Amino acid sequence: MTSEAANILSKQYDENYINREIEDIYNKNGLNKPKLLIFDNIPACKLAYKFLLIHLNNNSKNLTDEHLMIGNKLNNLHDFKKIADLGGKSASQTYSRIFNIIKITENYYEQYNMLTFLSDVKTQLLKDLRPNNIDKDKWDHASEETKNIRKERDWNNIINSNVNIFEFKFIDHINYIPHNGVLLGIFLRDYCILCKNPIKIIHEDEIERLHSTEGYAIEFIDSSGINFVNGIKFNPDLYSRIFIKRDIIGKEILSIENVEQRAIAIQFFGYDKLIKELNAKILDVKDEFSSIDNMPISYELYEFEMKVGRFETLRKFRFVKVEDYSTHKKVTLGVPISEQTNTCIGAIAWTFGMTEEEYKPEIQT
């Protein structure tokens, strides 16, 4: 099942519609159609905004934020922000999900494409901007070679002298408008910066968590993507070893630091297969019933040997398998070998920094 949010965020950029809509919005507010700066990712849009703000302020001593930005003056912006004929709780959930996925997308591109951001922004902005502190008449009569040299110098001066241009913090005048292939817009008096939707496909599970065990859960137009399973993010190498190559072994699974990732890996790998591969010995079992749904709950304590270190010294390890009272999801918790961890409850208590006698939970999660 694909959610409304996933459907909206998978729409592709509709150039004709967006051009008409932008012009209409600006005209309704008594403004001329702005120059459109269109980018493929959110950080590039924010970088363009920062550069533009610095450049225009440098060229006008009297330029203020209010004079420059009209995001808070667009009375008809709501016409452009409509995403679907939704209402009430459903609309709220859809918007919330859209914002979460946009944030994931933004963080992904911030990490991997900084050089591309710079190239895209520079190409679009330097085409039309006159460098700082140059008289318009002199500029109009300058040769193309001189113009290019001055533009390059102006670009480098702004980039090099404003380190915070790379701090992509939330911008008050940014508007998330995921409709007809536009992910966000930054509305200025003479410029409108838009981010085209970079998302191609979003895969989800039956409860609308980002999920795929066969490839990217979020796949982008440029063929890159992000791996999620049951809503939990995996780095490409770990994901590949668990779900694609399937060459990860039990001992490596137990060494995964993230508890959620480890639980998913064990579930996919199989508990029985894990226990058999590790040749683990069961030390204790604790059976009871959930206080939430009265279904049976089982805890199991295991010990196994593994060679570690450069000299492959044989060491013993223990882990306890616990089960959630409500979801019945099973996870493993590593514990030290001690008198306290000789029982399931003692081992679980140790993970909370308690003794077995102190550990009296009403609900186990």
# chains A, B, ... in the order shown; residues from 1 in each chain; ligands from 1

$ closest_atom_pairs --of "range 156-258 of chain A" --to "range 11-30 of chain A" --cutoff "7 Å" --atoms "only C-alpha atoms" --output "CSV"
residue,atom,partner,partner_atom,distance
A:Asn180,CA,A:Asp14,CA,5.5
A:Gly181,CA,A:Tyr13,CA,3.6
A:Val182,CA,A:Tyr13,CA,6.0
A:Lys196,CA,A:Tyr13,CA,5.9
A:Asn197,CA,A:Gln12,CA,6.3

$ select_by_dssp --residues "range 149-338 of chain A" --states "helix (DSSP H, G or I)" --output "PyMOL selection string"
chain A and resi 149-161+163-166+236-244+250-254+259-269+271-278

$ residues_around --residues "Arg150 in chain A" --least-positions-apart "2" --cutoff "12 Å" --atoms "only C-alpha atoms" --output "PyMOL selection string"
chain A and resi 126+129-134+139+142-148+152-157

$ residues_around --residues "Lys200 in chain A" --least-positions-apart "5" --cutoff "12 Å" --atoms "only C-alpha atoms" --output "NGL selection string"
:A and (6-13 or 105 or 181 or 216-226)

$ atom_distance --atom1 "CA of Asn107 in chain A" --atom2 "CA of Ile244 in chain A"
24.6 Å

$ closest_residue --among "A:Tyr302, A:Tyr49, A:Phe117, A:Phe228" --to "Leu188 in chain A" --atoms "only C-alpha atoms"
A:Tyr49

$ closest_residue --among "A:Lys103, A:Lys273, A:Lys233, A:Arg246" --to "His211 in chain A" --atoms "only C-alpha atoms"
A:Lys233

$ residues_around --residues "Thr341 in chain A" --least-positions-apart "4" --cutoff "10 Å" --atoms "only C-alpha atoms" --output "MDAnalysis selection string"
chainID A and resid 283:284 301 318:320 335:337 345:351 355:356

$ write_last_selection --atoms "C-alpha atoms" --output "compact mmCIF listing (two decimals), in the first residue's frame"
# COMPACT_ATOMS: atom_id res chain seq x y z
CA LEU A 283 21.36 -21.20 29.85
CA ASP A 284 17.89 -20.14 30.94
CA LEU A 301 19.54 -16.57 27.67
CA ARG A 318 26.25 -14.03 26.39
CA PHE A 319 23.09 -12.50 25.02
CA VAL A 320 19.49 -12.50 26.17
CA VAL A 335 25.43 -8.92 28.56
CA PRO A 336 28.66 -9.69 30.44
CA ILE A 337 29.34 -13.08 31.95
CA ILE A 345 15.67 -11.69 34.36
CA GLY A 346 19.08 -11.05 35.93
CA ALA A 347 20.57 -10.39 32.49
CA ILE A 348 17.72 -8.03 31.53
CA ALA A 349 18.03 -6.24 34.87
CA TRP A 350 21.75 -5.71 34.23
CA THR A 351 20.95 -3.79 31.02
CA THR A 355 19.81 -6.20 40.33
CA GLU A 356 17.36 -9.00 39.63

$ atom_distance --atom1 "CA of Gly334 in chain A" --atom2 "CA of Phe317 in chain A"
7.8 Å

$ closest_residue --among "A:Ser291, A:Thr343, A:Thr313, A:Gln124" --to "Ala48 in chain A" --atoms "only C-alpha atoms"
A:Gln124

$ atom_distance --atom1 "CA of Pro43 in chain A" --atom2 "CA of Pro178 in chain A"
16.1 Å

$ closest_residue --among "A:Cys344, A:Leu314, A:Val121, A:Ile297" --to "Lys329 in chain A" --atoms "only C-alpha atoms"
A:Ile297

$ closest_residue --among "A:Lys138, A:His328, A:Ile38, A:Thr94" --to "Pro296 in chain A" --atoms "only C-alpha atoms"
A:His328

$ closest_residue --among "A:Glu358, A:Glu106, A:Asp190, A:Asp324" --to "Ala44 in chain A" --atoms "only C-alpha atoms"
A:Glu106

$ residues_around --residues "Glu252 in chain A" --least-positions-apart "5" --cutoff "12 Å" --atoms "only C-alpha atoms" --output "list in words"
Leu238, Arg241, Ile242, Asp247, Glu257, Arg262, Ala265, Ile266, Phe269, Leu274, Glu277, Leu278, Met306 and Val308 of chain A

$ write_last_selection --atoms "N, CA and C atoms" --output "short mmCIF file (atom, residue, chain, number, x, y, z; two decimals), in the first residue's frame"
data_model
loop_
_atom_site.label_atom_id
_atom_site.label_comp_id
_atom_site.auth_asym_id
_atom_site.auth_seq_id
_atom_site.Cartn_x
_atom_site.Cartn_y
_atom_site.Cartn_z
N LEU A 238 26.00 -2.40 4.95
CA LEU A 238 25.31 -3.32 5.85
C LEU A 238 24.04 -3.86 5.21
N ARG A 241 24.85 -6.56 2.60
CA ARG A 241 25.29 -7.84 3.16
C ARG A 241 24.12 -8.62 3.76
N ILE A 242 23.15 -7.90 4.34
CA ILE A 242 22.02 -8.59 4.97
C ILE A 242 20.97 -9.02 3.95
N ASP A 247 25.40 -12.51 2.75
CA ASP A 247 26.61 -13.22 3.15
C ASP A 247 27.06 -12.89 4.57
N GLU A 257 25.85 -2.54 16.24
CA GLU A 257 25.65 -1.70 17.43
C GLU A 257 24.21 -1.24 17.59
N ARG A 262 19.95 -4.48 14.46
CA ARG A 262 20.31 -5.85 14.85
C ARG A 262 19.06 -6.73 14.91
N ALA A 265 17.92 -7.49 11.39
CA ALA A 265 18.85 -8.43 10.76
C ALA A 265 18.62 -9.85 11.28
N ILE A 266 18.41 -9.98 12.59
CA ILE A 266 18.18 -11.31 13.17
C ILE A 266 16.87 -11.90 12.66
N PHE A 269 17.51 -12.99 9.16
CA PHE A 269 18.46 -14.10 9.18
C PHE A 269 17.79 -15.36 9.73
N LEU A 274 20.50 -18.52 13.51
CA LEU A 274 21.52 -17.81 14.29
C LEU A 274 22.04 -18.69 15.42
N GLU A 277 24.14 -21.57 14.00
CA GLU A 277 25.43 -21.16 13.46
C GLU A 277 26.42 -20.82 14.58
N LEU A 278 25.90 -20.19 15.63
CA LEU A 278 26.77 -19.81 16.75
C LEU A 278 27.08 -21.00 17.65
N MET A 306 33.55 -17.49 20.68
CA MET A 306 33.95 -16.91 19.41
C MET A 306 35.42 -16.47 19.50
N VAL A 308 38.36 -14.01 18.81
CA VAL A 308 38.44 -12.56 18.60
C VAL A 308 39.90 -12.11 18.60
#

$ residues_around --residues "Gly270 in chain A" --least-positions-apart "6" --cutoff "12 Å" --atoms "only C-alpha atoms" --output "short mmCIF file (atom, residue, chain, number, x, y, z; two decimals) with C-alpha atoms, in the first residue's frame"
data_model
loop_
_atom_site.label_atom_id
_atom_site.label_comp_id
_atom_site.auth_asym_id
_atom_site.auth_seq_id
_atom_site.Cartn_x
_atom_site.Cartn_y
_atom_site.Cartn_z
CA ILE A 242 22.02 -8.59 4.97
CA ILE A 249 27.18 -14.38 9.44
CA GLY A 250 25.60 -14.71 12.86
CA ILE A 253 24.92 -9.69 13.17
CA ARG A 262 20.31 -5.85 14.85
CA ALA A 263 16.74 -6.94 15.58
CA ILE A 264 15.72 -6.59 11.92
CA LYS A 276 22.62 -23.07 15.19
CA GLU A 277 25.43 -21.16 13.46
CA LYS A 330 12.16 -9.83 19.62
CA VAL A 331 15.55 -8.21 20.19
#

$ decode --residues "range 314-358 of chain A" --atoms "C-alpha atoms" --output "PDB file, in the first residue's frame"
ATOM      1  CA  LEU A 314      38.661 -17.912  22.192  1.00  0.00           C
ATOM      2  CA  ARG A 315      36.185 -15.929  24.336  1.00  0.00           C
ATOM      3  CA  LYS A 316      32.721 -16.587  25.695  1.00  0.00           C
ATOM      4  CA  PHE A 317      29.798 -14.233  25.079  1.00  0.00           C
ATOM      5  CA  ARG A 318      26.252 -14.027  26.385  1.00  0.00           C
ATOM      6  CA  PHE A 319      23.086 -12.503  25.025  1.00  0.00           C
ATOM      7  CA  VAL A 320      19.492 -12.495  26.167  1.00  0.00           C
ATOM      8  CA  LYS A 321      16.567 -12.586  23.747  1.00  0.00           C
ATOM      9  CA  VAL A 322      13.683 -10.396  24.968  1.00  0.00           C
ATOM     10  CA  GLU A 323      10.182  -9.868  23.628  1.00  0.00           C
ATOM     11  CA  ASP A 324       8.032  -6.729  23.614  1.00  0.00           C
ATOM     12  CA  TYR A 325       4.779  -7.042  25.628  1.00  0.00           C
ATOM     13  CA  SER A 326       2.640  -5.329  22.975  1.00  0.00           C
ATOM     14  CA  THR A 327       4.300  -5.814  19.560  1.00  0.00           C
ATOM     15  CA  HIS A 328       5.979  -9.137  20.417  1.00  0.00           C
ATOM     16  CA  LYS A 329       9.044  -7.932  18.524  1.00  0.00           C
ATOM     17  CA  LYS A 330      12.157  -9.832  19.616  1.00  0.00           C
ATOM     18  CA  VAL A 331      15.555  -8.213  20.185  1.00  0.00           C
ATOM     19  CA  THR A 332      18.879  -9.446  21.530  1.00  0.00           C
ATOM     20  CA  LEU A 333      20.862  -7.691  24.246  1.00  0.00           C
ATOM     21  CA  GLY A 334      24.526  -8.462  24.892  1.00  0.00           C
ATOM     22  CA  VAL A 335      25.427  -8.921  28.560  1.00  0.00           C
ATOM     23  CA  PRO A 336      28.660  -9.686  30.439  1.00  0.00           C
ATOM     24  CA  ILE A 337      29.336 -13.083  31.951  1.00  0.00           C
ATOM     25  CA  SER A 338      28.715 -12.765  35.695  1.00  0.00           C
ATOM     26  CA  GLU A 339      26.743 -14.310  38.528  1.00  0.00           C
ATOM     27  CA  GLN A 340      23.877 -11.871  37.929  1.00  0.00           C
ATOM     28  CA  THR A 341      23.508 -12.750  34.252  1.00  0.00           C
ATOM     29  CA  ASN A 342      23.040 -16.461  34.883  1.00  0.00           C
ATOM     30  CA  THR A 343      19.264 -15.963  34.498  1.00  0.00           C
ATOM     31  CA  CYS A 344      17.119 -14.220  31.901  1.00  0.00           C
ATOM     32  CA  ILE A 345      15.675 -11.695  34.362  1.00  0.00           C
ATOM     33  CA  GLY A 346      19.076 -11.049  35.930  1.00  0.00           C
ATOM     34  CA  ALA A 347      20.569 -10.393  32.488  1.00  0.00           C
ATOM     35  CA  ILE A 348      17.718  -8.026  31.525  1.00  0.00           C
ATOM     36  CA  ALA A 349      18.028  -6.238  34.875  1.00  0.00           C
ATOM     37  CA  TRP A 350      21.752  -5.708  34.225  1.00  0.00           C
ATOM     38  CA  THR A 351      20.951  -3.789  31.017  1.00  0.00           C
ATOM     39  CA  PHE A 352      19.008  -1.300  33.191  1.00  0.00           C
ATOM     40  CA  GLY A 353      21.737  -1.056  35.826  1.00  0.00           C
ATOM     41  CA  MET A 354      19.632  -2.981  38.368  1.00  0.00           C
ATOM     42  CA  THR A 355      19.810  -6.197  40.327  1.00  0.00           C
ATOM     43  CA  GLU A 356      17.362  -8.995  39.631  1.00  0.00           C
ATOM     44  CA  GLU A 357      15.524  -8.153  42.873  1.00  0.00           C
ATOM     45  CA  GLU A 358      15.193  -4.466  41.885  1.00  0.00           C
TER      46      GLU A 358
END
